[in-house]
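So this one's query_20.csv, CSV, C-alpha atoms:
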```csv
chain,number,residue,atom,x,y,z
A,13,MET,CA,190.1,215.9,164.0
A,14,ALA,CA,193.5,214.3,163.4
A,15,LYS,CA,194.5,213.1,160.0
A,16,LYS,CA,196.7,210.2,158.9
A,17,GLY,CA,200.3,211.1,159.4
A,18,ASP,CA,199.6,213.7,162.2
A,19,TRP,CA,201.8,213.6,165.3
A,20,VAL,CA,199.6,212.5,168.2
A,21,ARG,CA,199.8,211.1,171.7
A,22,ILE,CA,197.9,208.0,172.8
A,23,HIS,CA,197.3,206.1,176.1
A,24,SER,CA,197.0,202.4,176.7
A,25,VAL,CA,197.0,200.0,179.6
A,26,VAL,CA,199.9,197.5,179.2
A,27,LEU,CA,198.9,195.3,182.2
A,28,LYS,CA,195.8,195.4,184.4
A,29,ALA,CA,196.5,195.6,188.1
A,30,GLU,CA,195.5,191.9,188.5
A,31,GLU,CA,198.0,190.8,185.8
A,32,ARG,CA,201.0,192.4,187.5
A,33,THR,CA,203.6,190.4,189.4
A,34,ALA,CA,203.4,189.9,193.1
A,35,LYS,CA,207.0,191.0,193.5
A,36,LEU,CA,206.0,194.6,193.3
A,37,PRO,CA,205.3,196.8,196.3
A,38,GLU,CA,201.7,196.5,197.5
A,39,ASP,CA,200.6,199.9,196.4
A,40,THR,CA,202.1,199.5,192.9
A,41,GLN,CA,200.4,196.1,192.5
A,42,LYS,CA,197.0,197.8,192.8
A,43,CYS,CA,197.6,200.1,189.8
A,44,ASP,CA,197.4,199.3,186.1
A,45,LEU,CA,200.7,199.6,184.2
A,46,GLU,CA,199.9,202.5,181.8
A,47,GLN,CA,201.7,203.8,178.7
A,48,TRP,CA,201.6,207.1,176.9
A,49,THR,CA,203.1,207.1,173.4
A,50,LYS,CA,203.6,209.7,170.7
A,51,GLY,CA,203.6,208.7,167.1
A,52,PHE,CA,202.2,209.2,163.6
A,53,LEU,CA,198.5,208.4,163.3
A,54,GLN,CA,197.7,205.5,160.9
A,55,GLU,CA,194.0,206.0,160.6
A,56,GLU,CA,192.6,208.2,157.8
A,57,SER,CA,191.1,210.4,160.5
A,58,ALA,CA,190.3,210.2,164.2
A,59,LYS,CA,189.0,212.3,167.1
A,60,VAL,CA,190.1,212.4,170.8
A,61,GLY,CA,188.8,209.3,172.5
A,62,ASP,CA,189.0,207.0,169.5
A,63,VAL,CA,191.1,203.9,169.6
A,64,VAL,CA,193.9,204.4,167.0
A,65,THR,CA,197.2,203.0,165.9
A,66,VAL,CA,200.4,205.0,165.7
A,67,VAL,CA,203.9,204.4,164.4
A,68,THR,CA,206.5,205.9,166.7
A,69,ALA,CA,209.6,207.8,165.6
A,70,VAL,CA,211.7,204.6,166.0
A,71,GLY,CA,209.2,202.5,163.9
A,72,ARG,CA,207.3,200.7,166.7
A,73,THR,CA,203.5,200.2,166.1
A,74,GLU,CA,201.3,200.9,169.1
A,75,LYS,CA,197.5,201.0,169.7
A,76,GLY,CA,195.7,203.1,172.2
A,77,THR,CA,193.2,205.9,172.9
A,78,LEU,CA,193.9,209.2,171.2
A,79,LEU,CA,194.6,211.9,173.7
A,80,GLU,CA,195.8,214.9,171.7
A,81,GLU,CA,197.1,216.1,168.4
A,82,ASN,CA,200.5,217.8,168.1
A,83,PRO,CA,201.5,217.1,171.7
A,84,HIS,CA,204.2,219.4,173.2
A,85,TYR,CA,206.2,219.5,176.4
A,86,THR,CA,204.4,221.2,179.2
A,87,HIS,CA,206.8,220.5,182.1
A,88,SER,CA,208.3,223.2,184.2
A,89,TYR,CA,210.6,223.5,187.2
A,90,GLY,CA,207.6,224.1,189.5
A,91,GLU,CA,205.9,227.1,191.1
A,92,PHE,CA,207.8,230.1,192.5
A,93,VAL,CA,209.2,229.4,196.0
A,94,PRO,CA,210.0,232.6,197.9
A,95,GLU,CA,212.4,230.8,200.3
A,96,ILE,CA,214.7,230.2,197.3
A,97,ILE,CA,215.3,234.0,197.0
A,98,GLU,CA,216.2,234.1,200.7
A,99,ILE,CA,218.6,231.2,200.3
A,100,ASP,CA,220.2,232.9,197.3
A,101,ARG,CA,220.7,236.1,199.3
A,102,GLN,CA,222.2,234.2,202.2
A,103,LEU,CA,224.5,232.2,200.0
A,104,ARG,CA,225.8,235.3,198.2
A,105,GLU,CA,226.4,236.9,201.5
A,106,ILE,CA,228.3,233.9,202.8
A,107,MET,CA,230.4,233.6,199.6
A,108,ASN,CA,231.0,237.4,199.6
A,109,PHE,CA,229.2,238.1,196.3
A,110,GLY,CA,227.4,240.9,197.9
A,111,GLY,CA,230.0,243.4,196.9
A,112,GLU,CA,231.7,243.9,200.3
A,113,GLU,CA,235.5,243.4,200.4
```
What does the file become when written as structure tokens?
Amino acid sequence: MAKKGDWVRIHSVVLKAEERTAKLPEDTQKCDLEQWTKGFLQEESAKVGDVVTVVTAVGRTEKGTLLEENPHYTHSYGEFVPEIIEIDRQLREIMNFGGEE
């Protein structure tokens, strides 16, 4: 249960697919324009799934569905790719970093 002032992440639909401009590519026109926003919860308390209001770090007020409390970055540079090791080995050999003179 999140409390007023907690840092949270919300989701909202800015434009429904049918409200989007016809100037977009066809596949993009078929999708809602969505927004994920982080900010400080304004309700006294809320649980995931509730519609809430937040104030962002720059002072904007946004409304949306509460997704998570204390959101953090979860990105990475992807899964291990074995070919990269082979590329590194070949590059070092080409550039003579393999130790041979």
Legend entry - 12 Å contact set for A:Glu74, all atoms listed in the file, chain neighbours under 6 positions out, as a list in words: Val20, Arg21, Ile22, His23, Ser24, Val25, Val26, Gln47, Trp48, Thr49, Lys50, Gly51, Phe52, Leu53, Gln54, Val63, Val64, Thr65, Val66, Val67 and Thr68 of chain A
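Taking atom CA of A:Ser88 as the reference point, atom CA of A:Leu27 is found at 29.5 Å.
Picture a line from atom CA of A:Glu46 to atom CA of A:Thr33; it runs 14.8 Å.
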Legend entry - Interatomic distance, atom CA of A:Met13 to atom CA of A:Asp44 (Å, one decimal): 28.6 Å
Inset, instruction - Would you list the residues near (202.3, 217.2, 168.1), meaning any protein, DNA or RNA residue with an atom at most 8 Å from that point in file coordinates, counting all atoms listed in the file, as a PyMOL selection string? - result: chain A and resi 18-21+80-84
Those residues with C-alpha atoms, as a compact mmCIF listing (two decimals), keeping the file's coordinate frame please?
```
# COMPACT_ATOMS: atom_id res chain seq x y z
CA ASP A 18 199.60 213.70 162.20
CA TRP A 19 201.80 213.60 165.30
CA VAL A 20 199.60 212.50 168.20
CA ARG A 21 199.80 211.10 171.70
CA GLU A 80 195.80 214.90 171.70
CA GLU A 81 197.10 216.10 168.40
CA ASN A 82 200.50 217.80 168.10
CA PRO A 83 201.50 217.10 171.70
CA HIS A 84 204.20 219.40 173.20
```
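Summary of the local environment: counting all atoms listed in the file, residues at most 6 Å from stretch 39-42 of chain A, other than itself and those fewer than 2 positions away along its chain, are Ala29, Leu36 and Pro37 of chain A.
With distances restricted to all atoms listed in the file, A:Leu78 is the closest residue to A:Glu55 from A:Arg32, A:Glu38, A:Phe92, A:Leu78.
Counting only C-alpha atoms and comparing A:Ala58, A:Tyr89, A:Glu95, A:Lys16, the residue that lies closest to A:Thr77 is A:Ala58.
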